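Below is the file protein.cif, which contains mmCIF, C-alpha atoms.
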```cif
data_start
loop_
_atom_site.label_atom_id
_atom_site.label_comp_id
_atom_site.auth_asym_id
_atom_site.auth_seq_id
_atom_site.Cartn_x
_atom_site.Cartn_y
_atom_site.Cartn_z
CA MET A 1 3.82 17.40 -34.39
CA GLY A 2 6.96 19.30 -33.53
CA THR A 3 9.51 17.02 -35.16
CA VAL A 4 11.21 16.18 -38.45
CA ALA A 5 10.07 13.28 -40.64
CA SER A 6 11.51 11.61 -43.72
CA ILE A 7 10.45 8.74 -45.95
CA ALA A 8 12.91 6.63 -47.95
CA GLY A 9 12.09 4.31 -50.82
CA PRO A 10 10.20 4.47 -54.12
CA VAL A 11 7.10 6.02 -52.57
CA PRO A 12 4.79 7.73 -55.11
CA GLU A 13 3.78 11.36 -54.66
CA ALA A 14 0.15 10.32 -54.24
CA ALA A 15 1.08 8.30 -51.16
CA LEU A 16 3.09 11.20 -49.77
CA ASP A 17 0.10 13.49 -50.23
CA GLU A 18 -2.09 11.05 -48.29
CA ILE A 19 0.48 10.85 -45.51
CA ARG A 20 0.71 14.64 -45.24
CA ALA A 21 -3.07 14.83 -45.01
CA ALA A 22 -3.24 12.09 -42.36
CA TRP A 23 -0.51 13.70 -40.27
CA GLY A 24 -2.17 17.09 -40.62
CA GLN A 25 -5.42 15.71 -39.25
CA LEU A 26 -3.60 14.18 -36.28
CA GLU A 27 -1.85 17.49 -35.63
CA GLU A 28 -5.11 19.42 -35.71
CA ARG A 29 -6.78 17.04 -33.29
CA PHE A 30 -4.08 16.02 -30.82
CA SER A 31 -1.53 18.85 -30.60
CA LEU A 32 -1.37 20.63 -27.25
CA TYR A 33 0.55 23.43 -29.00
CA ARG A 34 -2.54 24.48 -30.94
CA ASP A 35 -5.07 26.44 -28.92
CA ASP A 36 -7.89 25.33 -31.20
CA SER A 37 -7.15 21.59 -31.10
CA GLU A 38 -9.45 19.07 -29.48
CA ALA A 39 -6.61 18.08 -27.14
CA SER A 40 -6.21 21.67 -25.94
CA ARG A 41 -9.93 21.96 -25.31
CA LEU A 42 -9.74 18.81 -23.20
CA ALA A 43 -6.75 20.21 -21.30
CA ARG A 44 -8.67 23.42 -20.53
CA HIS A 45 -11.68 21.35 -19.39
CA GLU A 46 -13.82 22.93 -22.09
CA LEU A 47 -14.62 19.49 -23.48
CA PRO A 48 -15.24 16.38 -21.37
CA LEU A 49 -13.64 13.18 -22.62
CA THR A 50 -17.06 11.56 -22.85
CA ARG A 51 -18.02 14.11 -25.53
CA ALA A 52 -14.73 13.96 -27.40
CA SER A 53 -14.41 12.51 -30.89
CA ALA A 54 -14.24 8.77 -31.45
CA GLU A 55 -10.62 9.20 -32.58
CA MET A 56 -9.70 10.93 -29.33
CA ARG A 57 -11.47 8.36 -27.18
CA ASP A 58 -9.92 5.47 -29.11
CA ALA A 59 -6.42 6.90 -28.68
CA TYR A 60 -7.05 7.46 -24.98
CA ALA A 61 -8.39 3.91 -24.56
CA LEU A 62 -5.30 2.50 -26.30
CA ALA A 63 -3.03 4.55 -24.05
CA GLN A 64 -4.91 3.37 -20.97
CA THR A 65 -4.51 -0.25 -22.09
CA TRP A 66 -0.77 0.30 -22.32
CA ARG A 67 -0.82 1.98 -18.92
CA ALA A 68 -2.33 -1.16 -17.41
CA ASP A 69 -0.05 -3.50 -19.36
CA THR A 70 3.09 -1.63 -18.24
CA GLU A 71 1.86 -1.37 -14.64
CA GLY A 72 1.70 2.41 -14.84
CA ALA A 73 5.10 3.04 -16.44
CA PHE A 74 3.38 4.47 -19.52
CA SER A 75 0.64 7.01 -18.89
CA PRO A 76 -1.61 9.24 -21.03
CA GLN A 77 -1.83 11.79 -18.22
CA ARG A 78 0.71 14.28 -16.98
CA PRO A 79 1.34 14.67 -13.25
CA ASP A 80 -0.93 17.74 -13.33
CA GLY A 81 -3.78 15.58 -14.63
CA VAL A 82 -3.82 16.92 -18.19
CA ILE A 83 -4.45 14.24 -20.83
CA ASP A 84 -1.39 14.19 -23.10
CA LEU A 85 -1.52 11.58 -25.84
CA ALA A 86 1.73 12.60 -27.54
CA GLY A 87 3.29 9.34 -26.38
CA ILE A 88 0.83 7.32 -28.45
CA VAL A 89 -0.09 9.67 -31.31
CA LYS A 90 3.42 9.86 -32.74
CA SER A 91 3.56 6.10 -33.20
CA LEU A 92 0.02 6.06 -34.60
CA ALA A 93 1.15 8.63 -37.18
CA ILE A 94 4.08 6.44 -38.20
CA ALA A 95 1.84 3.37 -38.40
CA ALA A 96 -0.66 5.28 -40.55
CA ALA A 97 2.11 6.26 -42.95
CA GLY A 98 3.19 2.65 -43.26
CA GLN A 99 -0.35 1.52 -44.00
CA ILE A 100 -0.69 4.14 -46.73
CA ILE A 101 2.60 3.16 -48.35
CA ASP A 102 1.67 -0.53 -48.24
CA ALA A 103 -1.68 0.27 -49.85
CA HIS A 104 0.21 1.80 -52.78
CA GLY A 105 2.05 -1.48 -53.33
CA VAL A 106 5.51 -0.33 -52.27
CA SER A 107 7.54 -3.24 -50.88
CA HIS A 108 10.71 -1.47 -49.70
CA TRP A 109 10.46 1.69 -47.61
CA CYS A 110 11.40 3.31 -44.33
CA VAL A 111 9.60 6.03 -42.36
CA ASN A 112 11.72 8.08 -39.95
CA PHE A 113 9.66 10.28 -37.64
CA GLY A 114 11.78 12.13 -35.11
CA GLY A 115 14.28 9.26 -34.98
CA ASP A 116 11.68 6.53 -34.59
CA LEU A 117 11.60 4.12 -37.51
CA LEU A 118 9.22 1.78 -39.26
CA ALA A 119 10.40 -0.14 -42.30
CA ARG A 120 9.36 -2.71 -44.84
CA THR A 121 12.19 -4.67 -46.44
CA ASP A 122 12.07 -6.32 -49.83
CA GLU A 123 14.01 -9.59 -49.68
CA THR A 124 15.82 -8.65 -52.89
CA ALA A 125 16.96 -5.27 -51.55
CA ARG A 126 19.55 -4.21 -49.03
CA PRO A 127 18.07 -4.33 -45.51
CA TRP A 128 17.44 -1.17 -43.54
CA VAL A 129 20.00 -0.62 -40.78
CA ALA A 130 19.13 1.94 -38.11
CA GLY A 131 21.75 3.86 -36.20
CA ILE A 132 21.36 4.75 -32.52
CA VAL A 133 23.23 7.80 -31.28
CA ASP A 134 25.43 7.98 -28.21
CA PRO A 135 23.40 9.51 -25.35
CA ASP A 136 26.50 11.44 -24.21
CA ASP A 137 27.50 12.72 -27.65
CA ARG A 138 24.76 13.09 -30.25
CA SER A 139 27.36 13.40 -33.02
CA ARG A 140 28.55 9.82 -32.45
CA LEU A 141 26.94 6.50 -33.30
CA PHE A 142 26.44 4.26 -30.26
CA THR A 143 25.22 1.11 -32.00
CA GLN A 144 23.03 -0.03 -34.86
CA PHE A 145 20.16 -2.41 -35.49
CA ARG A 146 19.09 -4.26 -38.62
CA LEU A 147 15.34 -3.95 -39.11
CA SER A 148 13.59 -7.17 -40.12
CA ALA A 149 10.19 -8.76 -40.62
CA ALA A 150 10.18 -9.75 -36.94
CA HIS A 151 11.36 -6.33 -35.76
CA PRO A 152 10.43 -3.72 -38.40
CA ALA A 153 10.13 -0.89 -35.86
CA LEU A 154 12.68 0.90 -33.70
CA ALA A 155 11.98 3.67 -31.20
CA THR A 156 14.26 5.55 -28.84
CA SER A 157 13.34 7.53 -25.75
CA GLY A 158 15.94 9.59 -23.91
CA ILE A 159 16.70 12.77 -22.04
CA ALA A 160 19.68 14.09 -24.02
CA GLU A 161 17.79 16.27 -26.51
CA ARG A 162 14.55 17.13 -24.70
CA GLY A 163 15.64 16.91 -21.09
CA ASP A 164 14.03 14.64 -18.53
CA HIS A 165 10.57 14.85 -20.13
CA VAL A 166 9.44 11.37 -19.07
CA TRP A 167 7.84 11.04 -15.65
CA ARG A 168 9.63 8.52 -13.44
CA ILE A 169 7.55 6.08 -11.42
CA GLY A 170 8.02 3.91 -8.37
CA THR A 171 11.39 3.77 -6.60
CA TRP A 172 13.48 4.06 -9.76
CA ASP A 173 14.80 7.55 -9.03
CA ALA A 174 18.00 9.54 -9.45
CA ASP A 175 19.70 7.68 -6.59
CA GLU A 176 19.31 4.36 -8.41
CA ASP A 177 21.15 5.16 -11.63
CA PRO A 178 18.11 5.63 -13.90
CA PHE A 179 18.16 5.06 -17.62
CA VAL A 180 18.96 8.09 -19.77
CA GLN A 181 18.29 6.41 -23.12
CA VAL A 182 16.27 3.37 -24.14
CA SER A 183 15.88 1.92 -27.65
CA VAL A 184 13.34 -0.78 -28.39
CA ALA A 185 12.96 -2.82 -31.58
CA GLY A 186 9.54 -4.40 -31.84
CA PRO A 187 6.94 -6.07 -34.03
CA ASP A 188 5.17 -2.75 -34.61
CA ILE A 189 5.91 0.91 -33.99
CA VAL A 190 3.30 1.42 -31.27
CA THR A 191 4.77 -1.40 -29.18
CA ALA A 192 8.33 -0.19 -29.73
CA ASP A 193 7.55 3.46 -28.96
CA VAL A 194 5.38 2.84 -25.92
CA LEU A 195 7.82 0.38 -24.36
CA ALA A 196 10.82 2.65 -24.95
CA THR A 197 9.02 5.37 -23.00
CA ALA A 198 7.79 2.95 -20.34
CA ILE A 199 11.23 1.46 -19.70
CA LEU A 200 12.78 4.94 -19.45
CA SER A 201 10.09 5.81 -16.92
CA GLY A 202 9.93 2.57 -14.96
CA GLY A 203 13.57 1.53 -15.03
CA ARG A 204 14.81 -1.99 -14.63
CA PRO A 205 11.55 -3.43 -13.25
CA THR A 206 9.74 -2.32 -16.41
CA LEU A 207 12.64 -3.53 -18.58
CA GLU A 208 12.29 -6.99 -17.06
CA LEU A 209 8.51 -6.93 -17.45
CA ALA A 210 8.70 -5.80 -21.08
CA THR A 211 11.29 -8.34 -22.19
CA ARG A 212 9.33 -11.15 -20.57
CA ARG A 213 5.99 -10.17 -22.08
CA TRP A 214 6.70 -8.80 -25.57
CA PRO A 215 8.87 -10.03 -28.48
CA ILE A 216 11.24 -7.08 -28.36
CA GLU A 217 14.94 -6.30 -28.38
CA VAL A 218 16.20 -3.57 -26.05
CA ILE A 219 19.33 -1.57 -25.39
CA ALA A 220 19.28 0.82 -22.43
CA VAL A 221 21.96 3.12 -21.05
CA SER A 222 21.97 4.29 -17.43
CA ARG A 223 23.17 7.61 -16.09
CA SER A 224 26.45 6.03 -14.93
CA GLY A 225 27.04 4.59 -18.40
CA GLN A 226 26.04 1.02 -17.67
CA VAL A 227 24.53 -0.71 -20.71
CA TYR A 228 21.72 -3.29 -20.64
CA ALA A 229 21.24 -5.10 -23.94
CA THR A 230 19.24 -8.09 -25.17
CA ALA A 231 20.72 -10.70 -27.49
CA ALA A 232 20.21 -8.97 -30.84
CA PHE A 233 21.79 -5.74 -29.64
CA ARG A 234 24.70 -7.61 -28.06
CA ALA A 235 25.27 -9.35 -31.39
CA ALA A 236 25.27 -5.99 -33.19
CA ALA A 237 27.90 -4.51 -30.88
#
```
For the file at hand, write its structure as structure tokens.
Amino acid sequence: MGTVASIAGPVPEAALDEIRAAWGQLEERFSLYRDDSEASRLARHELPLTRASAEMRDAYALAQTWRADTEGAFSPQRPDGVIDLAGIVKSLAIAAAGQIIDAHGVSHWCVNFGGDLLARTDETARPWVAGIVDPDDRSRLFTQFRLSAAHPALATSGIAERGDHVWRIGTWDADEDPFVQVSVAGPDIVTADVLATAILSGGRPTLELATRRWPIEVIAVSRSGQVYATAAFRAAA
């Protein structure tokens, strides 16, 4: 899926094999970089969504639910109309890995998929602490967050490494000091990942919506360097 992944903790090889297989299946189905994938066939209009696999339709339905819940700040469609589920599939891949590891009875682990994290912490072990890089200097640490049972997932969306790849919505444009990096800690990786993307896209209106509606912690940095942080991130500073 075009990124680097790592798994920390006493995870058995059998679990790792299952995770590789699960991720491979997601890659084969959803990657727009593979000409033979189901997603590419949809993009070329060779396959209507109504005839797509149940997995594809379920992922699209989930993305559409998030689109409605975020008032359009998160979308499964590019401006050119192509269905692009990358924004939801990555977090589904991380969640699947966590489910596999849990099924193998491992109580202390952390999955890092392209900088987005999902962890399980054993009360007798040292907690997982995630670092968040400085959006202006990727070699420096900006802040950190301690993952917990309430917030086991952390996702970051930003423009520093991949450019401005998130589509802005509404009136939150370049003249209004848009966010350049947003990190969200949440109760699950899908919520954290989707809302990080949505807040980057929708700006402060979506930030206010998200913090009212979901049990999340957020730190967001604007183009001018202004920082918006909820209580847990302020405490970590």
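The space separating atom CA of Val106 of chain A from atom CA of Asp188 of chain A comes to 17.8 Å.
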Quick one: pull the distance between atom CA of Arg223 of chain A and atom CA of Leu85 of chain A, Å, one decimal.
26.8 Å
Atom CA of Ala153 of chain A and atom CA of Gln226 of chain A are how many Å apart?
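Interatomic distance, atom CA of Ala153 of chain A to atom CA of Gln226 of chain A: 24.2 Å.
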With the PyMOL selection byres ((chain A and resi 56) around 9) as the selection, what would be picked from this file? Answer as a PyMOL selection string, please.
chain A and resi 29-30+38-39+49+52-55+57-61+85
Expand the PyMOL selection byres ((chain A and resi 67) around 12) into the explicit residue set it covers here, and present it as JSON, numbers by chain.
{"A": [60, 61, 62, 63, 64, 65, 66, 68, 69, 70, 71, 72, 73, 74, 75, 76, 77, 85, 87, 88, 169, 194, 195, 197, 198, 201, 202, 206]}
Write the residues of the preceding selection, restricted to C-alpha atoms, as a compact mmCIF listing (two decimals), in the coordinates of the input.
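Dumped to part-v5.txt:
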```txt
# COMPACT_ATOMS: atom_id res chain seq x y z
CA TYR A 60 -7.05 7.46 -24.98
CA ALA A 61 -8.39 3.91 -24.56
CA LEU A 62 -5.30 2.50 -26.30
CA ALA A 63 -3.03 4.55 -24.05
CA GLN A 64 -4.91 3.37 -20.97
CA THR A 65 -4.51 -0.25 -22.09
CA TRP A 66 -0.77 0.30 -22.32
CA ALA A 68 -2.33 -1.16 -17.41
CA ASP A 69 -0.05 -3.50 -19.36
CA THR A 70 3.09 -1.63 -18.24
CA GLU A 71 1.86 -1.37 -14.64
CA GLY A 72 1.70 2.41 -14.84
CA ALA A 73 5.10 3.04 -16.44
CA PHE A 74 3.38 4.47 -19.52
CA SER A 75 0.64 7.01 -18.89
CA PRO A 76 -1.61 9.24 -21.03
CA GLN A 77 -1.83 11.79 -18.22
CA LEU A 85 -1.52 11.58 -25.84
CA GLY A 87 3.29 9.34 -26.38
CA ILE A 88 0.83 7.32 -28.45
CA ILE A 169 7.55 6.08 -11.42
CA VAL A 194 5.38 2.84 -25.92
CA LEU A 195 7.82 0.38 -24.36
CA THR A 197 9.02 5.37 -23.00
CA ALA A 198 7.79 2.95 -20.34
CA SER A 201 10.09 5.81 -16.92
CA GLY A 202 9.93 2.57 -14.96
CA THR A 206 9.74 -2.32 -16.41
```
Output the residue selection produced by the PyMOL selection byres ((chain A and resi 130) around 7) on the file above, formatted as a PyMOL selection string.
chain A and resi 128-129+131-132+144-146
Mind checking which residues fall within 8 Å of Asp193 of chain A, counting only C-alpha atoms, ignoring those fewer than 2 positions away in the same chain, and posting them as a list in words?
Gly87, Ile88, Ser91, Asp116, Leu154, Ala155, Thr156, Ser157, Val184, Ile189, Val190, Thr191, Leu195, Ala196 and Thr197 of chain A
Next, dump the selected residues to file, keeping only C-alpha atoms, as a CSV table (one decimal), in the frame of the given file.
```csv
chain,number,residue,atom,x,y,z
A,87,GLY,CA,3.3,9.3,-26.4
A,88,ILE,CA,0.8,7.3,-28.4
A,91,SER,CA,3.6,6.1,-33.2
A,116,ASP,CA,11.7,6.5,-34.6
A,154,LEU,CA,12.7,0.9,-33.7
A,155,ALA,CA,12.0,3.7,-31.2
A,156,THR,CA,14.3,5.6,-28.8
A,157,SER,CA,13.3,7.5,-25.8
A,184,VAL,CA,13.3,-0.8,-28.4
A,189,ILE,CA,5.9,0.9,-34.0
A,190,VAL,CA,3.3,1.4,-31.3
A,191,THR,CA,4.8,-1.4,-29.2
A,195,LEU,CA,7.8,0.4,-24.4
A,196,ALA,CA,10.8,2.6,-25.0
A,197,THR,CA,9.0,5.4,-23.0
```
Residue with smallest distance to Ala103 of chain A - pool A:Ala119, A:Thr143, A:Ala14, A:Ser183, counting all atoms listed in the file:
A:Ala14
From the set A:Ile216, A:Tyr33, A:Gln25, A:Glu176, which residue has the shortest atom-to-atom contact distance to Leu147 of chain A, counting only C-alpha atoms?
A:Ile216
Near Pro135 of chain A, counting all atoms listed in the file, which residues have an atom at most 8 Å away, once you skip same-chain residues fewer than 4 positions from it, shown as JSON, numbers by chain?
{"A": [142, 158, 160, 180, 181, 221]}
Would you mind listing what lies within 12 Å of Ala231 of chain A as a PDB file with C-alpha atoms, keeping the file's coordinate frame, with all atoms listed in the file counted and same-chain residues fewer than 6 positions away left out?
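Now in around00.pdb:
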```
ATOM      1  CA  PHE A 145      20.160  -2.410 -35.490  1.00  0.00           C
ATOM      2  CA  ALA A 185      12.960  -2.820 -31.580  1.00  0.00           C
ATOM      3  CA  THR A 211      11.290  -8.340 -22.190  1.00  0.00           C
ATOM      4  CA  PRO A 215       8.870 -10.030 -28.480  1.00  0.00           C
ATOM      5  CA  ILE A 216      11.240  -7.080 -28.360  1.00  0.00           C
ATOM      6  CA  GLU A 217      14.940  -6.300 -28.380  1.00  0.00           C
ATOM      7  CA  VAL A 218      16.200  -3.570 -26.050  1.00  0.00           C
ATOM      8  CA  ILE A 219      19.330  -1.570 -25.390  1.00  0.00           C
ATOM      9  CA  ALA A 237      27.900  -4.510 -30.880  1.00  0.00           C
TER      10      ALA A 237
END
```
Tell me which protein, DNA and RNA residues are within 8 Å of Gly114 of chain A, counting only C-alpha atoms, leaving out same-chain ones fewer than 4 positions away, and put them as a PyMOL selection string.
chain A and resi 3-5
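Ranking A:Ala210, A:Val82, A:Val227, A:Ala232 by their shortest atom-to-atom distance to Ala150 of chain A, with only C-alpha atoms included, puts A:Ala232 first.
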